[in-house]
file structure-v5.cif (mmCIF, C-alpha atoms)
data_upload
#
loop_
_atom_site.label_atom_id
_atom_site.label_comp_id
_atom_site.auth_asym_id
_atom_site.auth_seq_id
_atom_site.Cartn_x
_atom_site.Cartn_y
_atom_site.Cartn_z
CA MET A 1 112.28 -42.16 -43.86
CA ALA A 2 115.04 -41.06 -46.22
CA SER A 3 115.54 -42.43 -49.70
CA PRO A 4 119.01 -43.17 -51.07
CA GLY A 5 118.96 -39.74 -52.79
CA GLY A 6 118.32 -37.95 -49.48
CA GLY A 7 114.62 -37.12 -49.98
CA ARG A 8 111.56 -38.78 -48.47
CA ALA A 9 110.82 -42.32 -49.61
CA PRO A 10 107.59 -42.87 -51.55
CA TYR A 11 106.24 -44.83 -48.58
CA GLY A 12 106.55 -41.80 -46.33
CA VAL A 13 104.77 -39.59 -48.83
CA SER A 14 101.94 -42.09 -49.27
CA CYS A 15 101.50 -42.33 -45.52
CA LEU A 16 101.16 -38.55 -45.24
CA ALA A 17 98.62 -38.31 -48.06
CA GLN A 18 96.61 -41.42 -47.23
CA PRO A 19 94.43 -40.17 -44.34
CA THR A 20 92.91 -37.27 -46.31
CA THR A 21 92.48 -39.38 -49.45
CA LEU A 22 90.97 -42.22 -47.46
CA ARG A 23 88.57 -39.87 -45.69
CA ALA A 24 87.43 -38.36 -48.99
CA GLU A 25 86.93 -41.84 -50.45
CA LEU A 26 84.89 -42.99 -47.43
CA ASP A 27 82.76 -39.83 -47.54
CA ALA A 28 82.08 -40.32 -51.26
CA ARG A 29 81.12 -43.97 -50.82
CA TRP A 30 78.90 -43.24 -47.82
CA SER A 31 77.15 -40.53 -49.82
CA ILE A 32 76.36 -43.13 -52.51
CA VAL A 33 74.91 -45.47 -49.87
CA GLU A 34 72.77 -42.74 -48.30
CA ASN A 35 71.47 -41.52 -51.67
CA SER A 36 70.70 -45.07 -52.77
CA PHE A 37 68.58 -45.74 -49.72
CA ALA A 38 66.92 -42.32 -49.91
CA THR A 39 65.79 -43.03 -53.48
CA GLY A 40 64.72 -46.58 -52.73
CA ILE A 41 67.49 -48.32 -54.64
CA GLY A 42 68.71 -50.01 -51.49
CA ARG A 43 65.28 -51.39 -50.68
CA SER A 44 64.88 -52.91 -54.13
CA LEU A 45 68.32 -54.48 -53.85
CA MET A 46 67.35 -56.05 -50.54
CA THR A 47 64.06 -57.40 -51.84
CA GLU A 48 65.17 -58.45 -55.31
CA GLY A 49 68.93 -58.78 -55.59
CA VAL A 50 70.32 -59.63 -52.18
CA HIS A 51 69.31 -62.25 -49.65
CA VAL A 52 69.83 -61.14 -46.06
CA ASP A 53 70.28 -63.83 -43.41
CA ARG A 54 69.33 -61.81 -40.35
CA ALA A 55 70.59 -64.47 -37.94
CA THR A 56 74.16 -64.32 -39.26
CA LEU A 57 73.98 -60.88 -40.92
CA HIS A 58 75.29 -62.54 -44.09
CA LEU A 59 74.44 -60.95 -47.45
CA THR A 60 74.20 -63.09 -50.59
CA ASP A 61 73.92 -61.59 -54.07
CA ARG A 62 71.18 -63.66 -55.70
CA HIS A 63 72.42 -62.87 -59.19
CA ARG A 64 76.06 -63.77 -58.68
CA ARG A 65 76.91 -67.34 -59.49
CA ARG A 66 78.94 -69.00 -56.78
CA PRO A 67 81.47 -71.81 -57.22
CA VAL A 68 79.75 -75.16 -56.75
CA THR A 69 82.39 -77.75 -57.64
CA GLY A 70 83.15 -78.43 -53.97
CA VAL A 71 79.73 -80.04 -53.62
CA ALA A 72 80.69 -82.98 -55.87
CA GLY A 73 82.62 -84.93 -53.26
CA ALA A 74 80.01 -84.33 -50.61
CA VAL A 75 77.03 -85.61 -52.59
CA ALA A 76 78.52 -88.26 -54.90
CA GLY A 77 78.09 -91.01 -52.31
CA PHE A 78 74.43 -90.12 -51.81
CA GLN A 79 74.00 -90.63 -55.56
CA HIS A 80 75.66 -94.05 -55.24
CA GLY A 81 78.42 -92.99 -57.63
CA ARG A 82 75.96 -92.48 -60.50
CA CYS A 83 75.42 -89.59 -62.90
CA HIS A 84 72.32 -87.65 -61.95
CA ILE A 85 71.30 -87.21 -65.59
CA CYS A 86 71.90 -90.59 -67.27
CA ASP A 87 72.02 -92.73 -64.10
CA GLU A 88 75.12 -94.57 -65.36
CA PRO A 89 78.10 -95.09 -63.00
CA VAL A 90 80.65 -92.30 -62.75
CA ASP A 91 84.16 -93.75 -62.94
CA PRO A 92 86.24 -92.69 -59.91
CA GLY A 93 88.88 -90.88 -62.00
CA ALA A 94 86.46 -89.39 -64.53
CA ARG A 95 86.02 -85.66 -64.93
CA THR A 96 82.62 -84.73 -63.58
CA ALA A 97 80.48 -81.63 -63.44
CA VAL A 98 78.05 -80.29 -60.89
CA ASP A 99 74.66 -79.92 -62.52
CA HIS A 100 72.12 -77.30 -61.51
CA VAL A 101 69.12 -79.61 -61.75
CA PHE A 102 66.84 -76.59 -62.12
CA PRO A 103 69.08 -74.60 -64.47
CA TYR A 104 70.83 -71.51 -63.24
CA ALA A 105 69.64 -69.87 -66.48
CA LEU A 106 66.19 -69.50 -64.85
CA LEU A 107 67.52 -66.33 -63.24
CA ARG A 108 68.06 -64.77 -66.67
CA ARG A 109 64.79 -66.13 -68.07
CA PHE A 110 62.76 -64.46 -65.34
CA GLU A 111 64.52 -61.06 -65.42
CA SER A 112 61.95 -59.60 -67.81
CA VAL A 113 59.03 -60.52 -65.53
CA GLY A 114 60.30 -59.19 -62.23
CA GLY A 115 62.98 -61.74 -61.43
CA TRP A 116 63.20 -65.29 -60.12
CA ARG A 117 60.98 -65.82 -57.09
CA GLY A 118 62.04 -69.36 -56.31
CA PRO A 119 64.68 -70.69 -53.91
CA ASP A 120 68.44 -70.21 -54.35
CA LEU A 121 69.51 -72.26 -57.37
CA ASP A 122 73.16 -72.40 -56.28
CA ALA A 123 72.28 -74.27 -53.10
CA LEU A 124 72.90 -77.89 -52.18
CA TRP A 125 69.27 -78.96 -52.77
CA ASN A 126 69.66 -78.22 -56.52
CA LEU A 127 73.20 -79.47 -57.18
CA ALA A 128 74.05 -82.96 -58.37
CA VAL A 129 77.08 -84.76 -59.77
CA ALA A 130 76.91 -85.62 -63.46
CA HIS A 131 79.18 -86.75 -66.26
CA ARG A 132 80.71 -83.67 -67.84
CA LYS A 133 79.31 -84.76 -71.23
CA CYS A 134 75.78 -85.30 -69.86
CA ASN A 135 75.83 -81.92 -68.13
CA GLY A 136 76.98 -80.22 -71.33
CA GLU A 137 74.22 -81.88 -73.34
CA LYS A 138 71.58 -80.99 -70.75
CA SER A 139 72.69 -77.38 -70.88
CA ASP A 140 69.89 -75.20 -69.49
CA ARG A 141 66.90 -77.46 -70.07
CA MET A 142 64.43 -78.10 -67.28
CA PRO A 143 64.77 -81.40 -65.37
CA THR A 144 62.79 -84.45 -66.38
CA GLY A 145 60.43 -86.19 -63.98
CA THR A 146 63.01 -88.95 -63.53
CA GLU A 147 65.73 -86.44 -62.66
CA LEU A 148 63.43 -84.77 -60.13
CA ALA A 149 62.65 -88.14 -58.54
CA ARG A 150 66.40 -88.87 -58.27
CA LEU A 151 67.02 -85.45 -56.72
CA ALA A 152 64.21 -85.91 -54.18
CA HIS A 153 65.51 -89.38 -53.29
CA ARG A 154 69.09 -88.07 -52.94
CA ASN A 155 68.00 -85.11 -50.77
CA GLU A 156 65.89 -87.40 -48.55
CA ALA A 157 68.93 -89.70 -48.13
CA ILE A 158 71.09 -86.75 -47.07
CA MET A 159 68.45 -85.71 -44.53
CA ARG A 160 68.45 -89.21 -43.00
CA SER A 161 72.24 -89.16 -42.69
CA PRO A 162 74.24 -88.10 -39.65
CA TYR A 163 76.23 -85.57 -41.72
CA PRO A 164 76.03 -81.77 -41.40
CA LEU A 165 74.64 -81.48 -44.93
CA ARG A 166 71.29 -82.57 -43.55
CA THR A 167 71.03 -79.34 -41.56
CA THR A 168 71.51 -77.33 -44.75
CA LEU A 169 68.68 -79.22 -46.44
CA ARG A 170 66.39 -78.99 -43.39
CA LEU A 171 66.81 -75.22 -43.39
CA THR A 172 66.03 -75.11 -47.11
CA LEU A 173 62.75 -76.94 -46.55
CA LYS A 174 61.91 -74.86 -43.48
CA ASN A 175 62.54 -71.51 -45.20
CA ALA A 176 61.33 -72.40 -48.70
CA ILE A 177 57.97 -70.63 -48.51
CA PRO A 178 57.45 -68.14 -45.67
CA GLY A 179 54.57 -69.11 -43.41
CA ARG A 180 54.24 -72.57 -44.90
CA ARG A 181 55.85 -75.86 -43.93
CA ILE A 182 57.04 -78.02 -46.82
CA PRO A 183 56.96 -81.64 -45.56
CA ASN A 184 59.28 -83.37 -48.03
CA TRP A 185 61.43 -83.04 -51.12
CA PRO A 186 58.88 -84.15 -53.72
CA THR A 187 56.53 -81.39 -52.49
CA PHE A 188 59.37 -78.86 -52.45
CA LEU A 189 60.36 -79.73 -56.02
CA ARG A 190 56.75 -79.44 -57.21
CA GLU A 191 56.66 -75.95 -55.70
CA VAL A 192 59.84 -75.03 -57.57
CA GLU A 193 58.27 -76.36 -60.78
CA LYS A 194 55.26 -74.09 -60.16
CA ALA A 195 57.62 -71.13 -59.75
CA CYS A 196 58.99 -71.95 -63.20
CA GLU A 197 55.62 -71.71 -64.94
#
call {"tool": "encode", "arguments": {"input": "structure-v5.cif", "output": "structure tokens"}}
result
Amino acid sequence: MASPGGGRAPYGVSCLAQPTTLRAELDARWSIVENSFATGIGRSLMTEGVHVDRATLHLTDRHRRRPVTGVAGAVAGFQHGRCHICDEPVDPGARTAVDHVFPYALLRRFESVGGWRGPDLDALWNLAVAHRKCNGEKSDRMPTGTELARLAHRNEAIMRSPYPLRTTLRLTLKNAIPGRRIPNWPTFLREVEKACE
């Protein structure tokens, strides 16, 4: 391809150089992967930092916070339009927040003692709609007994519903503790509380 000045266009040059540069880049990155697994770094990532869903081959970074605001519309009705924290009605046009009932900050708190060993805190089971002000005031405190009872009641209501969210919560209960069946949400939440001790 000729440029207006008669020489090759930058695109043509980049196309000629790209295969060797790309190959060198791939080789360098693959070398990092191989060395990581050879030294055990990969294994520790898999056991501590990444969740592997073998059925779907989906990797989830346990330490990366995911966007959760999309949950608000899905769960607000199961909370009967009430704030999870203060239990007062949430006005339809009001700005709301999605509260991590068990605070996301637990991940940081447990870093010094080998990391968080509980269930995924960014998952539906732990997310609830709250007034923005209430959520800000709660900050990273642990949930009260009343808040846990509301969460258990809300999660049980979702599981009785015909909506796809119930499948998500069923899988959470089923996979919460390997080799053990958790029968209901109050039991599940008590187990999470134990993990926080």
call {"tool": "resolve_selection", "arguments": {"input": "structure-v5.cif", "expression": "the PyMOL selection byres ((chain A and resi 88-104) around 7)", "output": "PyMOL selection string"}}
result
chain A and resi 68-69+72+81-83+86-87+105-107+121+126-132+135+140-143
call {"tool": "atom_distance", "arguments": {"input": "structure-v5.cif", "atom1": "CA of Arg170 (chain A)", "atom2": "CA of Ile85 (chain A)"}}
result
24.2 Å
call {"tool": "resolve_selection", "arguments": {"input": "structure-v5.cif", "expression": "the PyMOL selection byres ((chain A and resi 148) around 10)", "output": "ChimeraX atom specification"}}
result
/A:84-85,101-102,126,142-147,149-154,185-186,189-190,193
call {"tool": "atom_distance", "arguments": {"input": "structure-v5.cif", "atom1": "CA of Thr172 (chain A)", "atom2": "CA of Trp116 (chain A)"}}
result
16.5 Å
call {"tool": "atom_distance", "arguments": {"input": "structure-v5.cif", "atom1": "CA of Gly73 (chain A)", "atom2": "CA of Ile182 (chain A)"}}
result
27.3 Å
call {"tool": "resolve_selection", "arguments": {"input": "structure-v5.cif", "expression": "the PyMOL selection byres ((chain A and resi 171) around 12)", "output": "list of chain:residue names"}}
result
A:Asp53, A:Pro119, A:Ala123, A:Leu124, A:Trp125, A:Met159, A:Pro164, A:Leu165, A:Arg166, A:Thr167, A:Thr168, A:Leu169, A:Arg170, A:Thr172, A:Leu173, A:Lys174, A:Asn175, A:Ala176, A:Ile177, A:Pro178, A:Arg181, A:Ile182, A:Pro183
call {"tool": "write_last_selection", "arguments": {"input": "structure-v5.cif", "atoms": "C-alpha atoms", "output": "short mmCIF file (atom, residue, chain, number, x, y, z; two decimals), in the frame of the given file"}}
result
data_model
loop_
_atom_site.label_atom_id
_atom_site.label_comp_id
_atom_site.auth_asym_id
_atom_site.auth_seq_id
_atom_site.Cartn_x
_atom_site.Cartn_y
_atom_site.Cartn_z
CA ASP A 53 70.28 -63.83 -43.41
CA PRO A 119 64.68 -70.69 -53.91
CA ALA A 123 72.28 -74.27 -53.10
CA LEU A 124 72.90 -77.89 -52.18
CA TRP A 125 69.27 -78.96 -52.77
CA MET A 159 68.45 -85.71 -44.53
CA PRO A 164 76.03 -81.77 -41.40
CA LEU A 165 74.64 -81.48 -44.93
CA ARG A 166 71.29 -82.57 -43.55
CA THR A 167 71.03 -79.34 -41.56
CA THR A 168 71.51 -77.33 -44.75
CA LEU A 169 68.68 -79.22 -46.44
CA ARG A 170 66.39 -78.99 -43.39
CA THR A 172 66.03 -75.11 -47.11
CA LEU A 173 62.75 -76.94 -46.55
CA LYS A 174 61.91 -74.86 -43.48
CA ASN A 175 62.54 -71.51 -45.20
CA ALA A 176 61.33 -72.40 -48.70
CA ILE A 177 57.97 -70.63 -48.51
CA PRO A 178 57.45 -68.14 -45.67
CA ARG A 181 55.85 -75.86 -43.93
CA ILE A 182 57.04 -78.02 -46.82
CA PRO A 183 56.96 -81.64 -45.56
#
